[in-house]
Structure formats: C-alpha cells, structure tokens
$ cat my_file.csv   # CSV, N, CA and C atoms
chain,number,residue,atom,x,y,z
K,1,MET,N,19.0,3.7,41.1
K,1,MET,CA,19.2,2.8,40.0
K,1,MET,C,18.1,1.7,40.1
K,2,SER,N,17.6,1.3,38.9
K,2,SER,CA,16.6,0.3,38.8
K,2,SER,C,17.2,-1.1,38.8
K,3,ASP,N,16.4,-2.1,39.3
K,3,ASP,CA,16.9,-3.5,39.2
K,3,ASP,C,16.4,-4.1,37.9
K,4,GLU,N,15.6,-3.4,37.1
K,4,GLU,CA,15.1,-3.9,35.8
K,4,GLU,C,16.1,-3.9,34.7
K,5,PRO,N,16.1,-4.8,33.8
K,5,PRO,CA,17.1,-4.8,32.7
K,5,PRO,C,16.9,-3.5,31.9
K,6,GLU,N,18.0,-3.1,31.2
K,6,GLU,CA,18.0,-1.9,30.4
K,6,GLU,C,16.9,-1.9,29.3
K,7,SER,N,16.5,-3.1,28.8
K,7,SER,CA,15.5,-3.1,27.7
K,7,SER,C,14.1,-2.8,28.2
K,8,VAL,N,13.9,-2.7,29.5
K,8,VAL,CA,12.5,-2.4,29.9
K,8,VAL,C,12.4,-0.9,30.2
K,9,SER,N,11.5,-0.2,29.5
K,9,SER,CA,11.4,1.2,29.6
K,9,SER,C,10.4,1.6,30.8
K,10,ALA,N,10.2,2.9,31.0
K,10,ALA,CA,9.3,3.3,32.1
K,10,ALA,C,7.9,2.8,31.8
K,11,ALA,N,7.6,2.6,30.5
K,11,ALA,CA,6.2,2.1,30.2
K,11,ALA,C,6.0,0.6,30.5
K,12,ARG,N,7.0,0.0,31.1
K,12,ARG,CA,7.0,-1.4,31.5
K,12,ARG,C,6.7,-2.3,30.3
K,13,GLY,N,7.8,-3.0,29.9
K,13,GLY,CA,7.7,-4.0,28.9
K,13,GLY,C,7.9,-3.5,27.5
K,14,VAL,N,8.1,-2.2,27.3
K,14,VAL,CA,8.3,-1.6,26.0
K,14,VAL,C,9.8,-1.4,25.8
K,15,THR,N,10.4,-2.0,24.7
K,15,THR,CA,11.8,-1.9,24.5
K,15,THR,C,12.0,-0.6,23.7
K,16,PRO,N,12.9,0.3,24.1
K,16,PRO,CA,13.2,1.5,23.4
K,16,PRO,C,13.8,1.2,22.0
K,17,ASP,N,13.6,2.0,21.1
K,17,ASP,CA,14.1,1.8,19.7
K,17,ASP,C,15.6,1.7,19.7
K,18,SER,N,16.3,2.4,20.6
K,18,SER,CA,17.7,2.4,20.6
K,18,SER,C,18.3,1.0,20.9
K,19,LEU,N,17.5,0.2,21.5
K,19,LEU,CA,17.9,-1.2,21.9
K,19,LEU,C,17.4,-2.3,20.9
K,20,LEU,N,16.5,-1.9,20.0
K,20,LEU,CA,16.0,-2.9,19.1
K,20,LEU,C,17.0,-3.1,17.9
K,21,HIS,N,17.2,-4.3,17.5
K,21,HIS,CA,18.1,-4.5,16.4
K,21,HIS,C,17.8,-5.9,15.8
K,22,THR,N,18.1,-6.1,14.5
K,22,THR,CA,17.8,-7.3,13.9
K,22,THR,C,19.1,-8.1,13.6
K,23,GLY,N,20.2,-7.5,13.9
K,23,GLY,CA,21.4,-8.2,13.6
K,23,GLY,C,21.9,-8.1,12.2
K,24,GLY,N,21.3,-7.1,11.5
K,24,GLY,CA,21.5,-6.9,10.1
K,24,GLY,C,23.0,-6.5,9.8
K,25,SER,N,23.7,-6.1,10.8
K,25,SER,CA,25.1,-5.6,10.6
K,25,SER,C,26.1,-6.7,10.6
K,26,ASP,N,25.7,-7.9,11.0
K,26,ASP,CA,26.6,-9.0,11.1
K,26,ASP,C,26.4,-10.0,10.0
K,27,ASN,N,27.3,-10.9,9.8
K,27,ASN,CA,27.3,-11.9,8.7
K,27,ASN,C,26.9,-13.2,9.4
K,28,PRO,N,25.7,-13.7,9.1
K,28,PRO,CA,25.3,-15.0,9.6
K,28,PRO,C,26.1,-16.1,9.1
K,29,SER,N,26.3,-17.1,10.0
K,29,SER,CA,27.1,-18.3,9.6
K,29,SER,C,26.1,-19.3,9.1
K,30,ALA,N,26.7,-20.4,8.5
K,30,ALA,CA,25.9,-21.5,8.1
K,30,ALA,C,25.1,-22.1,9.3
K,31,GLU,N,25.8,-22.2,10.4
K,31,GLU,CA,25.2,-22.7,11.7
K,31,GLU,C,24.0,-21.8,12.1
K,32,ASP,N,24.1,-20.5,11.9
K,32,ASP,CA,23.0,-19.6,12.2
K,32,ASP,C,21.8,-19.9,11.4
K,33,LEU,N,22.0,-20.1,10.1
K,33,LEU,CA,20.9,-20.3,9.1
K,33,LEU,C,20.3,-21.7,9.4
K,34,VAL,N,21.1,-22.7,9.7
K,34,VAL,CA,20.5,-24.0,10.0
K,34,VAL,C,19.6,-23.9,11.3
K,35,LEU,N,20.1,-23.3,12.3
K,35,LEU,CA,19.3,-23.1,13.5
K,35,LEU,C,18.1,-22.3,13.3
K,36,ALA,N,18.2,-21.2,12.6
K,36,ALA,CA,17.0,-20.3,12.3
K,36,ALA,C,16.0,-21.1,11.5
K,37,SER,N,16.4,-22.0,10.7
K,37,SER,CA,15.4,-22.8,9.9
K,37,SER,C,14.8,-23.9,10.6
K,38,GLY,N,15.2,-24.1,11.9
K,38,GLY,CA,14.7,-25.2,12.7
K,38,GLY,C,15.2,-26.6,12.4
K,39,ARG,N,16.3,-26.6,11.7
K,39,ARG,CA,16.9,-27.9,11.3
K,39,ARG,C,18.0,-28.3,12.3
K,40,ASP,N,18.3,-29.6,12.3
K,40,ASP,CA,19.4,-30.1,13.1
K,40,ASP,C,20.8,-29.7,12.5
K,41,LEU,N,21.8,-29.5,13.4
K,41,LEU,CA,23.1,-29.3,12.9
K,41,LEU,C,23.8,-30.5,12.4
K,42,THR,N,23.6,-30.8,11.2
K,42,THR,CA,24.2,-32.0,10.6
K,42,THR,C,25.1,-31.5,9.4
K,43,PRO,N,26.1,-32.3,9.0
K,43,PRO,CA,26.9,-31.9,7.9
K,43,PRO,C,26.1,-31.6,6.6
K,44,LYS,N,25.1,-32.4,6.4
K,44,LYS,CA,24.2,-32.1,5.2
K,44,LYS,C,23.5,-30.8,5.3
K,45,ASN,N,22.9,-30.4,6.5
K,45,ASN,CA,22.3,-29.2,6.6
K,45,ASN,C,23.2,-28.0,6.6
K,46,LEU,N,24.4,-28.2,7.1
K,46,LEU,CA,25.4,-27.1,7.1
K,46,LEU,C,25.8,-26.8,5.6
K,47,GLN,N,26.0,-27.9,4.8
K,47,GLN,CA,26.3,-27.7,3.4
K,47,GLN,C,25.2,-27.0,2.7
K,48,TRP,N,23.9,-27.3,3.0
K,48,TRP,CA,22.8,-26.6,2.4
K,48,TRP,C,22.9,-25.1,2.8
K,49,ALA,N,23.1,-24.8,4.0
K,49,ALA,CA,23.1,-23.5,4.5
K,49,ALA,C,24.3,-22.7,3.8
K,50,GLU,N,25.4,-23.3,3.7
K,50,GLU,CA,26.6,-22.7,3.1
K,50,GLU,C,26.3,-22.3,1.6
K,51,ARG,N,25.6,-23.2,0.9
K,51,ARG,CA,25.2,-23.0,-0.5
K,51,ARG,C,24.2,-21.8,-0.5
K,52,ARG,N,23.3,-21.8,0.4
K,52,ARG,CA,22.2,-20.8,0.3
K,52,ARG,C,22.8,-19.4,0.7
K,53,LEU,N,23.7,-19.4,1.7
K,53,LEU,CA,24.4,-18.1,2.0
K,53,LEU,C,25.2,-17.6,0.9
K,54,ALA,N,25.9,-18.5,0.2
K,54,ALA,CA,26.7,-18.1,-0.9
K,54,ALA,C,25.9,-17.5,-2.1
K,55,ARG,N,24.7,-18.1,-2.2
K,55,ARG,CA,23.8,-17.6,-3.3
K,55,ARG,C,23.0,-16.4,-2.9
K,56,GLU,N,22.5,-16.3,-1.7
K,56,GLU,CA,21.6,-15.2,-1.3
K,56,GLU,C,22.2,-14.2,-0.3
K,57,GLY,N,23.3,-14.5,0.3
K,57,GLY,CA,24.0,-13.7,1.3
K,57,GLY,C,23.1,-13.5,2.5
K,58,ARG,N,23.2,-12.3,3.1
K,58,ARG,CA,22.4,-12.0,4.3
K,58,ARG,C,20.9,-12.2,4.2
K,59,SER,N,20.4,-12.0,3.0
K,59,SER,CA,18.9,-12.1,2.8
K,59,SER,C,18.4,-13.6,3.1
K,60,ALA,N,19.3,-14.6,3.0
K,60,ALA,CA,18.9,-15.9,3.3
K,60,ALA,C,18.4,-16.1,4.6
K,61,ILE,N,19.0,-15.5,5.6
K,61,ILE,CA,18.5,-15.6,7.0
K,61,ILE,C,17.3,-14.6,7.2
K,62,ASP,N,17.3,-13.5,6.5
K,62,ASP,CA,16.2,-12.6,6.6
K,62,ASP,C,14.9,-13.2,6.1
K,63,LYS,N,15.0,-14.0,5.0
K,63,LYS,CA,13.9,-14.7,4.5
K,63,LYS,C,13.4,-15.8,5.3
K,64,THR,N,14.3,-16.4,6.1
K,64,THR,CA,14.0,-17.5,7.0
K,64,THR,C,13.2,-17.1,8.2
K,65,LEU,N,13.7,-16.0,8.8
K,65,LEU,CA,13.1,-15.6,10.1
K,65,LEU,C,11.8,-14.8,9.8
K,66,PRO,N,10.8,-14.9,10.7
K,66,PRO,CA,9.6,-14.2,10.5
K,66,PRO,C,9.8,-12.7,10.6

$ encode --input "my_file.csv" --output "structure tokens"
Amino acid sequence: MSDEPESVSAARGVTPDSLLHTGGSDNPSAEDLVLASGRDLTPKNLQWAERRLAREGRSAIDKTLP
C-alpha cells in the first residue's frame, strides 16, 4: 500500500479522471458564491449572491470561477 494520497497516480502528480470533478452536481450556496468571487461574507454580499443564484442558478458560480 502506498503512503501517497489517492489523487496521485503512478505518473506522479497526475490526478486520474475518475477523481476530477467540478462540483457540478451540487447546489452552491450564497456563501459559496461570495467566497468564490473573493468578497467578504457580509449581509450585503450574501444578498447579492442570493439574487444572482436565483437569477442564474448553478451557472452563476461557474461563470465566477476560472
């Protein structure tokens, strides 16, 4: 058994496709969107994120992240 994490393949440093994911199956929260955008967690920013998620859904976070 190897001491290396599961995400490291035999090629050293290459993550196998079966372990790669974008999180597309989950529903991001307003807090997730605020943090992904680099903003502080303030009531104003949470309200902004809630409005954006209501308008754009999951794509709001996909558009924010590179």

$ closest_residue --input "my_file.csv" --among "K:Arg58, K:Trp48, K:Leu65, K:Leu53" --to "Ala36 (chain K)" --atoms "only N, CA and C atoms"
K:Leu65

$ atom_distance --input "my_file.csv" --atom1 "CA of Leu35 (chain K)" --atom2 "CA of Thr15 (chain K)"
25.0 Å

$ atom_distance --input "my_file.csv" --atom1 "CA of Thr64 (chain K)" --atom2 "atom C of Pro16 (chain K)"
24.0 Å

$ atom_distance --input "my_file.csv" --atom1 "CA of Asn27 (chain K)" --atom2 "CA of Ile61 (chain K)"
9.7 Å

$ closest_residue --input "my_file.csv" --among "K:Val14, K:Asp26, K:Leu33, K:Asp40" --to "Ala60 (chain K)" --atoms "all atoms listed in the file"
K:Leu33

$ residues_around --input "my_file.csv" --residues "Ser29 (chain K)" --least-positions-apart "3" --cutoff "7 Å" --atoms "only N, CA and C atoms" --output "PyMOL selection string"
chain K and resi 32-34+49-50

$ closest_residue --input "my_file.csv" --among "K:Pro43, K:Arg51, K:Gly57, K:Gly13" --to "Pro28 (chain K)" --atoms "all atoms listed in the file"
K:Gly57

$ closest_residue --input "my_file.csv" --among "K:Glu31, K:Ser37, K:Arg52, K:Thr42" --to "Pro66 (chain K)" --atoms "only C-alpha atoms"
K:Ser37
